[in-house]
$ cat upload12.csv   # CSV, C-alpha atoms and all ligand atoms
chain,number,residue,atom,x,y,z
A,16,MET,CA,32.8,-30.2,-13.6
A,17,TRP,CA,34.5,-27.0,-14.9
A,18,LEU,CA,31.9,-26.8,-17.7
A,19,LYS,CA,29.1,-27.2,-15.1
A,20,LEU,CA,30.5,-24.4,-13.0
A,21,GLN,CA,30.7,-22.1,-16.0
A,22,ARG,CA,27.0,-22.9,-16.8
A,23,CYS,CA,26.0,-22.1,-13.2
A,24,LYS,CA,28.0,-18.8,-13.4
A,25,LYS,CA,26.2,-17.9,-16.7
A,26,ILE,CA,22.8,-18.6,-15.1
A,27,LYS,CA,23.8,-16.5,-12.1
A,28,MET,CA,24.9,-13.7,-14.3
A,29,LYS,CA,21.6,-13.9,-16.2
A,30,LYS,CA,19.7,-13.9,-12.9
A,31,GLN,CA,21.4,-10.7,-11.8
A,32,MET,CA,20.3,-8.9,-14.9
A,33,ALA,CA,17.4,-6.9,-13.4
A,34,ASN,CA,18.0,-4.3,-10.8
A,35,ILE,CA,16.3,-5.0,-7.5
A,36,ILE,CA,14.0,-2.2,-6.4
A,37,GLY,CA,14.2,-2.5,-2.6
A,38,GLY,CA,11.8,-0.7,-0.4
A,39,LYS,CA,13.7,-0.7,2.9
A,40,GLN,CA,16.2,2.0,2.2
A,41,ILE,CA,13.5,4.3,0.7
A,42,ALA,CA,11.3,3.6,3.8
A,43,ALA,CA,14.1,4.5,6.1
A,44,SER,CA,14.7,7.9,4.4
A,45,ILE,CA,10.9,8.7,4.5
A,46,SER,CA,10.8,7.6,8.1
A,47,GLU,CA,13.6,10.0,9.0
A,48,ARG,CA,11.6,12.9,7.5
A,49,VAL,CA,8.5,11.7,9.4
A,50,MET,CA,10.5,11.7,12.7
A,51,ARG,CA,11.8,15.2,12.1
A,52,GLU,CA,8.3,16.5,11.4
A,53,VAL,CA,7.0,14.8,14.6
A,54,ILE,CA,9.6,16.7,16.6
A,55,LEU,CA,8.6,20.0,15.1
A,56,LEU,CA,4.9,19.3,15.8
A,57,LYS,CA,5.8,18.4,19.4
A,58,HIS,CA,7.4,21.9,19.7
A,59,GLU,CA,4.1,23.3,18.6
A,60,GLY,CA,2.4,21.3,21.4
A,61,ILE,CA,0.9,18.7,19.0
A,62,ILE,CA,1.6,15.0,19.8
A,63,PRO,CA,0.5,13.0,16.7
A,64,LYS,CA,-1.8,10.2,17.6
A,65,LEU,CA,-3.1,7.2,15.6
A,66,SER,CA,-6.1,5.2,16.7
A,67,VAL,CA,-6.6,1.7,15.2
A,68,VAL,CA,-10.0,0.0,15.5
A,69,LEU,CA,-10.1,-3.8,15.3
A,70,VAL,CA,-13.3,-5.8,15.4
A,71,GLY,CA,-13.3,-9.6,16.0
A,72,LYS,CA,-10.5,-12.1,15.8
A,73,ASP,CA,-8.5,-11.8,12.6
A,74,LEU,CA,-4.9,-12.9,13.1
A,75,ALA,CA,-3.5,-11.0,10.0
A,76,SER,CA,-5.2,-7.7,11.1
A,77,GLU,CA,-3.8,-8.1,14.6
A,78,VAL,CA,-0.3,-8.7,13.3
A,79,TYR,CA,-0.6,-5.6,11.0
A,80,ALA,CA,-2.0,-3.5,13.8
A,81,ARG,CA,0.9,-4.5,16.1
A,82,SER,CA,3.5,-3.7,13.5
A,83,LYS,CA,1.9,-0.2,13.1
A,84,GLU,CA,2.1,0.2,16.9
A,85,LYS,CA,5.8,-0.7,16.9
A,86,ALA,CA,6.6,1.7,14.0
A,87,CYS,CA,4.6,4.5,15.7
A,88,VAL,CA,6.4,4.1,19.0
A,89,MET,CA,9.8,4.3,17.1
A,90,ALA,CA,8.6,7.5,15.3
A,91,GLY,CA,7.4,9.2,18.5
A,92,ILE,CA,3.8,8.9,17.4
A,93,ASP,CA,1.2,8.1,20.1
A,94,PHE,CA,-0.8,5.0,19.3
A,95,GLU,CA,-3.9,3.4,20.7
A,96,MET,CA,-5.8,0.3,19.7
A,97,HIS,CA,-9.5,-0.4,20.3
A,98,THR,CA,-10.2,-4.2,20.1
A,99,LEU,CA,-13.9,-4.9,19.9
A,100,ALA,CA,-15.5,-8.4,20.3
A,101,GLU,CA,-16.7,-10.2,17.2
A,102,ASP,CA,-20.4,-9.7,18.3
A,103,THR,CA,-20.1,-6.0,19.0
A,104,PRO,CA,-23.3,-4.3,17.7
A,105,GLU,CA,-22.9,-2.0,14.7
A,106,GLY,CA,-24.2,1.0,16.8
A,107,GLU,CA,-21.5,0.5,19.4
A,108,LEU,CA,-18.8,0.6,16.7
A,109,LEU,CA,-20.4,3.8,15.2
A,110,ASP,CA,-20.4,5.4,18.7
A,111,LEU,CA,-16.7,4.6,19.0
A,112,ILE,CA,-15.9,6.2,15.6
A,113,ARG,CA,-17.9,9.3,16.6
A,114,ARG,CA,-16.0,9.6,19.8
A,115,LEU,CA,-12.7,9.3,18.0
A,116,ASN,CA,-13.9,11.9,15.5
A,117,LEU,CA,-14.5,14.4,18.3
A,118,ASP,CA,-11.3,13.7,20.3
A,119,LYS,CA,-8.9,16.5,19.5
A,120,ASN,CA,-5.9,14.4,20.6
A,121,ILE,CA,-6.6,11.8,17.9
A,122,HIS,CA,-5.4,12.8,14.4
A,123,GLY,CA,-5.9,9.6,12.5
A,124,ILE,CA,-8.4,6.7,12.6
A,125,MET,CA,-7.7,3.4,10.9
A,126,LEU,CA,-10.3,0.7,10.7
A,127,GLU,CA,-8.7,-2.7,10.2
A,128,LEU,CA,-10.5,-4.7,7.5
A,129,PRO,CA,-12.1,-7.2,7.1
A,130,LEU,CA,-15.0,-6.4,9.5
A,131,PRO,CA,-17.4,-9.2,10.6
A,132,ILE,CA,-19.8,-9.8,7.7
A,133,ARG,CA,-23.0,-8.6,9.5
A,134,ILE,CA,-21.5,-5.1,9.9
A,135,ASN,CA,-22.2,-2.6,7.1
A,136,LYS,CA,-18.6,-1.8,6.2
A,137,GLN,CA,-19.5,1.2,4.0
A,138,LYS,CA,-21.6,2.8,6.8
A,139,ILE,CA,-18.7,2.6,9.2
A,140,ILE,CA,-16.2,4.0,6.7
A,141,GLU,CA,-18.5,6.9,5.9
A,142,ALA,CA,-18.7,7.7,9.7
A,143,ILE,CA,-15.0,8.4,9.8
A,144,LEU,CA,-14.2,12.2,9.6
A,145,PRO,CA,-12.6,12.6,6.2
A,146,VAL,CA,-9.7,14.6,7.7
A,147,LYS,CA,-8.9,11.8,10.1
A,148,ASP,CA,-9.3,9.0,7.4
A,149,VAL,CA,-5.6,8.1,7.2
A,150,ASP,CA,-6.4,5.0,5.2
A,151,GLY,CA,-7.9,7.0,2.4
A,152,VAL,CA,-11.1,5.0,2.3
A,153,HIS,CA,-13.8,7.6,2.8
A,154,PRO,CA,-15.8,8.6,-0.3
A,155,VAL,CA,-14.8,12.2,0.1
A,156,ASN,CA,-11.1,11.2,-0.1
A,157,ARG,CA,-11.8,8.9,-3.0
A,158,GLY,CA,-13.4,11.9,-4.7
A,159,TYR,CA,-10.4,14.1,-4.1
A,160,LEU,CA,-8.3,11.4,-5.7
A,161,LEU,CA,-10.4,11.5,-8.8
A,162,SER,CA,-10.3,15.3,-9.0
A,163,ASN,CA,-6.7,15.9,-8.0
A,164,GLY,CA,-7.8,17.4,-4.7
A,165,ASP,CA,-5.9,17.7,-1.4
A,166,GLY,CA,-7.1,14.6,0.4
A,167,LEU,CA,-5.8,11.5,2.2
A,168,PHE,CA,-5.0,8.6,-0.1
A,169,PRO,CA,-4.3,4.9,0.5
A,170,ALA,CA,-0.8,3.9,1.5
A,171,THR,CA,-0.1,0.9,-0.7
A,172,PRO,CA,-0.7,2.5,-4.1
A,173,GLN,CA,1.3,5.5,-2.8
A,174,SER,CA,4.1,3.1,-2.0
A,175,CYS,CA,4.1,1.8,-5.6
A,176,ILE,CA,4.5,5.3,-6.9
A,177,GLU,CA,7.2,6.2,-4.3
A,178,LEU,CA,9.2,3.1,-5.2
A,179,LEU,CA,9.3,4.1,-8.8
A,180,LEU,CA,10.1,7.8,-8.3
A,181,GLN,CA,12.7,7.3,-5.6
A,182,SER,CA,14.4,4.7,-7.9
A,183,GLY,CA,14.7,7.4,-10.6
A,184,ILE,CA,12.0,5.8,-12.8
A,185,GLY,CA,9.8,8.5,-14.3
A,186,LEU,CA,6.2,7.9,-15.1
A,187,ALA,CA,5.4,10.6,-17.6
A,188,GLY,CA,4.4,9.1,-21.0
A,189,LYS,CA,5.3,5.6,-19.9
A,190,HIS,CA,2.9,2.8,-20.8
A,191,THR,CA,2.0,1.5,-17.4
A,192,VAL,CA,0.0,-1.8,-17.3
A,193,LEU,CA,-1.8,-2.5,-14.0
A,194,VAL,CA,-3.0,-6.1,-13.2
A,195,GLY,CA,-5.7,-5.7,-10.6
A,196,ARG,CA,-8.6,-3.2,-10.1
A,197,GLY,CA,-9.2,-3.9,-6.4
A,198,GLU,CA,-10.4,-1.1,-4.1
A,199,THR,CA,-7.3,-1.2,-1.9
A,200,VAL,CA,-4.5,-1.0,-4.5
A,201,GLY,CA,-5.5,-1.2,-8.2
A,202,LYS,CA,-8.3,1.3,-8.4
A,203,PRO,CA,-6.8,4.2,-6.4
A,204,LEU,CA,-3.4,3.6,-8.2
A,205,VAL,CA,-5.0,4.3,-11.6
A,206,PHE,CA,-5.7,7.9,-10.6
A,207,MET,CA,-2.2,8.4,-9.0
A,208,LEU,CA,-0.6,7.1,-12.2
A,209,LEU,CA,-2.7,9.4,-14.3
A,210,LYS,CA,-1.6,12.3,-12.1
A,211,HIS,CA,2.0,11.5,-12.9
A,212,ASN,CA,1.1,11.5,-16.7
A,213,ALA,CA,1.5,7.7,-17.2
A,214,THR,CA,-0.5,6.1,-20.0
A,215,VAL,CA,-2.5,3.4,-18.2
A,216,THR,CA,-3.9,0.1,-19.2
A,217,ILE,CA,-5.9,-1.8,-16.5
A,218,CYS,CA,-6.3,-5.6,-16.6
A,219,HIS,CA,-8.5,-7.9,-14.5
A,220,THR,CA,-10.0,-11.4,-14.5
A,221,ARG,CA,-12.2,-10.6,-17.6
A,222,THR,CA,-9.2,-9.3,-19.6
A,223,LYS,CA,-8.7,-11.3,-22.7
A,224,GLU,CA,-5.1,-12.3,-23.6
A,225,LEU,CA,-3.5,-10.9,-20.5
A,226,LYS,CA,-0.1,-11.6,-21.9
A,227,LYS,CA,-0.7,-9.4,-25.0
A,228,HIS,CA,-1.3,-6.4,-22.7
A,229,THR,CA,1.4,-7.1,-20.0
A,230,ARG,CA,4.1,-7.6,-22.6
A,231,GLN,CA,3.5,-4.1,-24.0
A,232,ALA,CA,4.2,-2.5,-20.6
A,233,ASP,CA,7.1,-0.1,-19.9
A,234,ILE,CA,6.1,-0.4,-16.3
A,235,LEU,CA,4.1,-3.4,-15.1
A,236,ILE,CA,2.4,-3.1,-11.7
A,237,VAL,CA,0.7,-6.2,-10.3
A,238,ALA,CA,-1.8,-6.2,-7.4
A,239,ALA,CA,-3.9,-9.3,-8.0
A,240,GLY,CA,-3.2,-11.5,-4.9
A,241,LYS,CA,-2.3,-14.6,-7.1
A,242,ALA,CA,1.1,-16.1,-6.5
A,243,GLY,CA,3.0,-16.9,-9.7
A,244,LEU,CA,0.5,-15.0,-11.9
A,245,ILE,CA,3.2,-13.0,-13.7
A,246,THR,CA,5.6,-15.5,-15.4
A,247,ALA,CA,8.6,-14.4,-17.4
A,248,ASP,CA,6.8,-14.8,-20.7
A,249,LEU,CA,4.3,-12.1,-19.6
A,250,VAL,CA,7.0,-9.5,-19.3
A,251,GLY,CA,8.5,-7.5,-22.2
A,252,PRO,CA,12.3,-7.3,-22.4
A,253,GLY,CA,13.6,-4.4,-20.2
A,254,ALA,CA,10.3,-3.6,-18.5
A,255,VAL,CA,10.1,-2.4,-14.9
A,256,VAL,CA,8.0,-4.7,-12.7
A,257,ILE,CA,6.4,-3.6,-9.4
A,258,ASP,CA,4.9,-6.4,-7.3
A,259,ALA,CA,2.2,-5.3,-4.8
A,260,GLY,CA,0.8,-8.8,-4.2
A,261,ILE,CA,1.0,-10.5,-0.9
A,262,ASN,CA,0.3,-14.3,-0.7
A,263,GLU,CA,1.0,-16.7,2.0
A,264,LYS,CA,3.4,-19.5,1.0
A,265,PRO,CA,2.3,-23.0,1.9
A,266,GLY,CA,5.5,-23.6,4.0
A,267,GLY,CA,5.2,-20.2,5.8
A,268,GLY,CA,6.4,-16.7,4.8
A,269,ILE,CA,5.0,-14.6,2.0
A,270,CYS,CA,5.5,-14.1,-1.8
A,271,GLY,CA,4.2,-11.7,-4.4
A,272,ASP,CA,2.3,-12.2,-7.7
A,273,VAL,CA,5.5,-12.3,-9.8
A,274,ASP,CA,7.7,-15.3,-10.5
A,275,PHE,CA,10.6,-13.2,-9.2
A,276,GLU,CA,13.6,-15.3,-10.2
A,277,ASN,CA,12.5,-15.8,-13.8
A,278,VAL,CA,11.1,-12.4,-14.3
A,279,CYS,CA,14.5,-11.0,-13.2
A,280,MET,CA,16.0,-12.5,-16.4
A,281,VAL,CA,13.9,-10.4,-18.7
A,282,ALA,CA,13.0,-7.2,-16.8
A,283,SER,CA,15.3,-4.3,-16.2
A,284,ALA,CA,14.1,-3.8,-12.6
A,285,VAL,CA,11.9,-5.7,-10.3
A,286,SER,CA,10.6,-5.1,-6.7
A,287,PRO,CA,10.8,-8.2,-4.5
A,288,VAL,CA,8.3,-9.5,-2.0
A,289,PRO,CA,9.0,-9.3,0.9
A,290,GLY,CA,11.3,-6.2,0.9
A,291,GLY,CA,9.5,-4.1,-1.8
A,292,VAL,CA,6.2,-2.3,-1.8
A,293,GLY,CA,5.2,-3.7,1.7
A,294,SER,CA,8.3,-2.1,3.3
A,295,LEU,CA,6.9,1.3,2.6
A,296,THR,CA,3.2,0.9,3.6
A,297,THR,CA,3.5,1.7,7.4
A,298,VAL,CA,5.7,4.8,6.8
A,299,MET,CA,3.3,6.0,4.1
A,300,LEU,CA,0.5,5.7,6.7
A,301,GLN,CA,2.5,7.8,9.1
A,302,ARG,CA,3.0,10.4,6.4
A,303,ASN,CA,-0.8,10.4,5.9
A,304,LEU,CA,-1.2,11.0,9.7
A,305,LEU,CA,1.1,14.1,9.4
A,306,LYS,CA,-0.9,15.3,6.4
A,307,ALA,CA,-4.1,14.7,8.4
A,308,ILE,CA,-2.8,17.0,11.1
A,309,GLN,CA,-2.2,19.8,8.5
A,310,LEU,CA,-5.7,19.3,7.1
A,311,GLN,CA,-7.2,19.4,10.6
A,312,LYS,CA,-5.3,22.7,11.3
A,313,LYS,CA,-6.8,24.1,8.0
A,314,PHE,CA,-10.4,23.1,8.9
A,315,THR,CA,-10.5,24.0,12.6
A,401,LIG,P1,-8.6,-7.4,-4.6
A,401,LIG,O1,-9.6,-6.4,-4.2
A,401,LIG,O2,-8.8,-8.9,-4.2
A,401,LIG,O3,-8.4,-7.3,-6.2
A,401,LIG,C1,-7.7,-8.2,-6.9
A,401,LIG,C2,-7.7,-7.8,-8.3
A,401,LIG,O4,-6.9,-8.6,-9.1
A,401,LIG,C3,-9.1,-7.8,-8.9
A,401,LIG,O5,-9.3,-6.7,-9.7
A,401,LIG,C4,-9.1,-9.1,-9.8
A,401,LIG,O6,-9.9,-9.0,-11.0
A,401,LIG,C5,-7.6,-9.1,-10.2
A,401,LIG,N1,-7.2,-10.5,-10.5
A,401,LIG,C6,-7.2,-11.6,-9.7
A,401,LIG,N2,-6.7,-12.6,-10.4
A,401,LIG,C7,-6.4,-12.2,-11.6
A,401,LIG,C8,-5.9,-12.9,-12.8
A,401,LIG,N3,-5.7,-14.2,-12.8
A,401,LIG,N4,-5.8,-12.2,-13.9
A,401,LIG,C9,-6.0,-10.9,-13.9
A,401,LIG,N5,-6.5,-10.2,-12.9
A,401,LIG,C10,-6.7,-10.9,-11.7
A,401,LIG,O7,-7.1,-7.1,-4.1
A,401,LIG,P2,-6.6,-5.7,-3.3
A,401,LIG,O8,-7.2,-5.7,-2.0
A,401,LIG,O9,-6.6,-4.6,-4.2
A,401,LIG,O10,-5.1,-6.2,-3.1
A,401,LIG,C11,-4.3,-6.7,-4.2
A,401,LIG,C12,-3.0,-7.4,-3.7
A,401,LIG,O11,-2.3,-6.4,-2.9
A,401,LIG,C13,-3.3,-8.5,-2.7
A,401,LIG,O12,-2.3,-9.5,-2.9
A,401,LIG,C14,-3.1,-7.9,-1.3
A,401,LIG,O13,-2.7,-8.8,-0.3
A,401,LIG,C15,-2.0,-6.9,-1.7
A,401,LIG,N6,-1.8,-5.8,-0.7
A,401,LIG,C16,-0.6,-5.5,-0.4
A,401,LIG,C17,-0.3,-4.5,0.5
A,401,LIG,C18,1.1,-4.1,0.8
A,401,LIG,O14,1.3,-3.4,1.8
A,401,LIG,N7,2.0,-4.5,0.0
A,401,LIG,C19,-1.4,-3.8,1.1
A,401,LIG,C20,-2.7,-4.1,0.7
A,401,LIG,C21,-2.9,-5.2,-0.2
A,401,LIG,P3,-11.5,-8.8,-10.9
A,401,LIG,O15,-11.7,-7.4,-10.5
A,401,LIG,O16,-12.0,-9.1,-12.2
A,401,LIG,O17,-11.9,-9.8,-9.8

$ encode --input "upload12.csv" --output "C-alpha cells"
Amino acid sequence: MWLKLQRCKKIKMKKQMANIIGGKQIAASISERVMREVILLKHEGIIPKLSVVLVGKDLASEVYARSKEKACVMAGIDFEMHTLAEDTPEGELLDLIRRLNLDKNIHGIMLELPLPIRINKQKIIEAILPVKDVDGVHPVNRGYLLSNGDGLFPATPQSCIELLLQSGIGLAGKHTVLVGRGETVGKPLVFMLLKHNATVTICHTRTKELKKHTRQADILIVAAGKAGLITADLVGPGAVVIDAGINEKPGGGICGDVDFENVCMVASAVSPVPGGVGSLTTVMLQRNLLKAIQLQKKFT
C-alpha cells in the first residue's frame, strides 16, 4: 500500500512538471484596461457599440454571440444582435451590412460564421467596412497583416501571442512550429509570429512526418481541430505548447488538440482547454472594437 502511494505521488509530481499557461487572469487584466478605455471614450461622448449578425440557426454561433453580449454588457459596451432567418436573401444581408457601415453609432460589425451555404461568404465579408471589421476577416485587414500595417486582426491568433508574451515567453529567434493553416487561426498567426521575430514552421495534413517537425519546436502552437492529435511523443523535452483547438467531447464539454495530461510530463509549459486561448478571445475582440474606434476617428 505504502509503495503504491509513493508511486502515485511520483506520477503526480511528474504530472505537475509543466507550468500551466492559464488565460483567465490575463483576460481579466486586459478586460480592466478595456473598461478604463470605455469610460474615457464615454467622457468624449462615444459609446462603443458592437453589432453581431447571425444568419440561420446555428447553436454554437448563438452561444458565442450570447457570450459576447454578456461580456460587452459587463465592459459597458453597447451590443446589438441581428438574427436573420436561414432563407434570408443575400441582397437583404448585404443591405443590412451597408446600413451598419453607415451607422455612426456602430463601431464594430461581426458576422457569425458559418453562413448558410447558398450565401457567398466572401461577398458579404468584403461588404463590411474595413475600419469596422473587428473580426479581421476583410481582405484589406488581411493585407495589413501581411505588410505590418495598422489594421484589425483576428482575435484567436492574437490570443495565442498574448498568452505567450504575458507569460514571459519571448518569441524572438524561437523555433515556433504551427500545426494548422486554417483561415481563422493558423494562417493569420504565421504573420503575427513573424512580426515577433519567431522562426516559423507550418504543418498541415500534407506534412510528412509531423512528429519530426513538432519535436523540434521551442514553441508548439496547435490549431487543427483534432482532439488528441498532439501526444507526448510529438513534443520535445521542455517545449512550450499552446493549444488553440476546440473539440466537443462525446460526453459533453470541450477539449483541445493536445493530450494535456501526458504532454504536461514532457513540456515546460502548456495552455489548457478550456481555460487557455479561448478565455482571451472575447476580450481581444473588445480590444479590436476600441482600436476600430481609433481608426474611425482617423479616417472621418
Ligand atoms: P480549419 O480551418 O479547420 O483548419 C484546420 C487546420 O488544421 C488545417 O490547416 C488542416 O490542414 C490542419 N489539420 C487538421 N488535421 C490535421 C492533422 N491530422 N495533422 C496536421 N494538420 C492537420 O481550422 P480553424 O478555423 O483555423 O480553427 C482551428 C482550431 O481552432 C479549431 O479547433 C477551432 O475550433 C479552434 N478555434 C478556437 C478559437 C478559440 O477561441 N480558442 C476560435 C476559433 C477557432 P489542411 O489545411 O491540410 O486541411

$ residues_around --input "upload12.csv" --residues "Leu56 (chain A)" --least-positions-apart "3" --cutoff "12 Å" --atoms "all atoms listed in the file" --output "ChimeraX atom specification"
/A:49-53,59-64,91-92,304-306,308-309,312

$ residues_around --input "upload12.csv" --residues "Gly106 (chain A)" --least-positions-apart "3" --cutoff "12 Å" --atoms "all atoms listed in the file" --output "list in words"
Asp102, Thr103, Leu109, Asp110, Leu111, Ile112, Arg113, Ile134, Asn135, Lys138, Ile139 and Ala142 of chain A

$ atom_distance --input "upload12.csv" --atom1 "CA of Ile261 (chain A)" --atom2 "atom C7 of ligand LIG 401 (chain A)"
13.1 Å

$ residues_near_ligand --input "upload12.csv" --ligand "ligand LIG 401 (chain A)" --cutoff "6 Å" --atoms "only C-alpha atoms and all ligand atoms" --output "MDAnalysis selection string"
chainID A and resid 171 194:201 218:221 238:241 259:262 292:293 296

$ atom_distance --input "upload12.csv" --atom1 "CA of His122 (chain A)" --atom2 "CA of Ser82 (chain A)"
18.8 Å

$ closest_residue --input "upload12.csv" --among "A:Leu115, A:Leu128, A:Leu204, A:Ala42" --to "Tyr79 (chain A)" --atoms "only C-alpha atoms"
A:Leu128

$ closest_residue --input "upload12.csv" --among "A:Gly185, A:Gly71, A:Pro145, A:Pro172" --to "Pro131 (chain A)" --atoms "all atoms listed in the file"
A:Gly71

$ closest_residue --input "upload12.csv" --among "A:Val285, A:Met280, A:Leu295, A:Leu208" --to "Ile35 (chain A)" --atoms "only C-alpha atoms"
A:Val285

$ atom_distance --input "upload12.csv" --atom1 "CA of Ala232 (chain A)" --atom2 "CA of Gly164 (chain A)"
28.2 Å

$ closest_residue --input "upload12.csv" --among "A:Pro169, A:Gly158, A:Gly188, A:Pro129" --to "Leu69 (chain A)" --atoms "all atoms listed in the file"
A:Pro129

$ residues_around --input "upload12.csv" --residues "Glu84 (chain A)" --least-positions-apart "4" --cutoff "10 Å" --atoms "all atoms listed in the file" --output "VMD selection string"
chain A and resid 65 to 67 78 to 80 88 to 90 92 to 96 297

$ residues_near_point --input "upload12.csv" --point "(11.4, -13.8, -9.7)" --cutoff "12 Å" --atoms "only C-alpha atoms" --output "MDAnalysis selection string"
chainID A and resid 30:35 242:248 250 256:258 270:282 284:289

$ closest_residue --input "upload12.csv" --among "A:Asn156, A:Gln301, A:Gln173, A:Ser76" --to "Leu126 (chain A)" --atoms "all atoms listed in the file"
A:Ser76

$ closest_residue --input "upload12.csv" --among "A:Ala86, A:Ile121, A:Val215, A:Val68" --to "Ser46 (chain A)" --atoms "all atoms listed in the file"
A:Ala86

$ decode --input "upload12.csv" --residues "region 70-84 of chain A" --atoms "N, CA, C and O atoms" --output "compact mmCIF listing (two decimals), in the first residue's frame"
# COMPACT_ATOMS: atom_id res chain seq x y z
N VAL A 70 -26.94 34.57 -39.18
CA VAL A 70 -27.91 34.13 -40.21
C VAL A 70 -28.18 32.63 -40.02
O VAL A 70 -27.26 31.82 -40.03
N GLY A 71 -29.46 32.30 -39.89
CA GLY A 71 -29.85 30.90 -39.75
C GLY A 71 -29.70 30.39 -38.33
O GLY A 71 -29.33 31.14 -37.43
N LYS A 72 -30.00 29.10 -38.18
CA LYS A 72 -29.96 28.50 -36.84
C LYS A 72 -28.67 27.72 -36.68
O LYS A 72 -28.48 26.67 -37.27
N ASP A 73 -27.72 28.28 -35.94
CA ASP A 73 -26.51 27.52 -35.64
C ASP A 73 -26.29 27.68 -34.14
O ASP A 73 -25.98 28.77 -33.65
N LEU A 74 -26.49 26.59 -33.42
CA LEU A 74 -26.48 26.65 -31.95
C LEU A 74 -25.16 27.21 -31.42
O LEU A 74 -25.16 28.11 -30.56
N ALA A 75 -24.03 26.72 -31.97
CA ALA A 75 -22.71 27.17 -31.47
C ALA A 75 -22.56 28.68 -31.68
O ALA A 75 -22.13 29.39 -30.76
N SER A 76 -22.96 29.18 -32.88
CA SER A 76 -22.84 30.62 -33.16
C SER A 76 -23.71 31.43 -32.19
O SER A 76 -23.31 32.50 -31.72
N GLU A 77 -24.91 30.91 -31.90
CA GLU A 77 -25.80 31.62 -30.97
C GLU A 77 -25.18 31.70 -29.59
O GLU A 77 -25.21 32.74 -28.93
N VAL A 78 -24.58 30.58 -29.15
CA VAL A 78 -23.93 30.56 -27.82
C VAL A 78 -22.77 31.56 -27.79
O VAL A 78 -22.64 32.35 -26.86
N TYR A 79 -21.94 31.57 -28.85
CA TYR A 79 -20.81 32.50 -28.91
C TYR A 79 -21.31 33.95 -28.88
O TYR A 79 -20.76 34.79 -28.19
N ALA A 80 -22.37 34.21 -29.66
CA ALA A 80 -22.91 35.58 -29.74
C ALA A 80 -23.43 36.03 -28.37
O ALA A 80 -23.18 37.16 -27.94
N ARG A 81 -24.11 35.14 -27.67
CA ARG A 81 -24.64 35.48 -26.34
C ARG A 81 -23.51 35.75 -25.35
O ARG A 81 -23.61 36.63 -24.49
N SER A 82 -22.42 34.98 -25.46
CA SER A 82 -21.32 35.20 -24.51
C SER A 82 -20.63 36.54 -24.82
O SER A 82 -20.16 37.23 -23.91
N LYS A 83 -20.62 36.93 -26.10
CA LYS A 83 -20.06 38.25 -26.45
C LYS A 83 -20.95 39.35 -25.85
O LYS A 83 -20.46 40.34 -25.33
N GLU A 84 -22.27 39.13 -25.93
CA GLU A 84 -23.22 40.12 -25.40
C GLU A 84 -22.98 40.32 -23.90
O GLU A 84 -22.87 41.45 -23.42
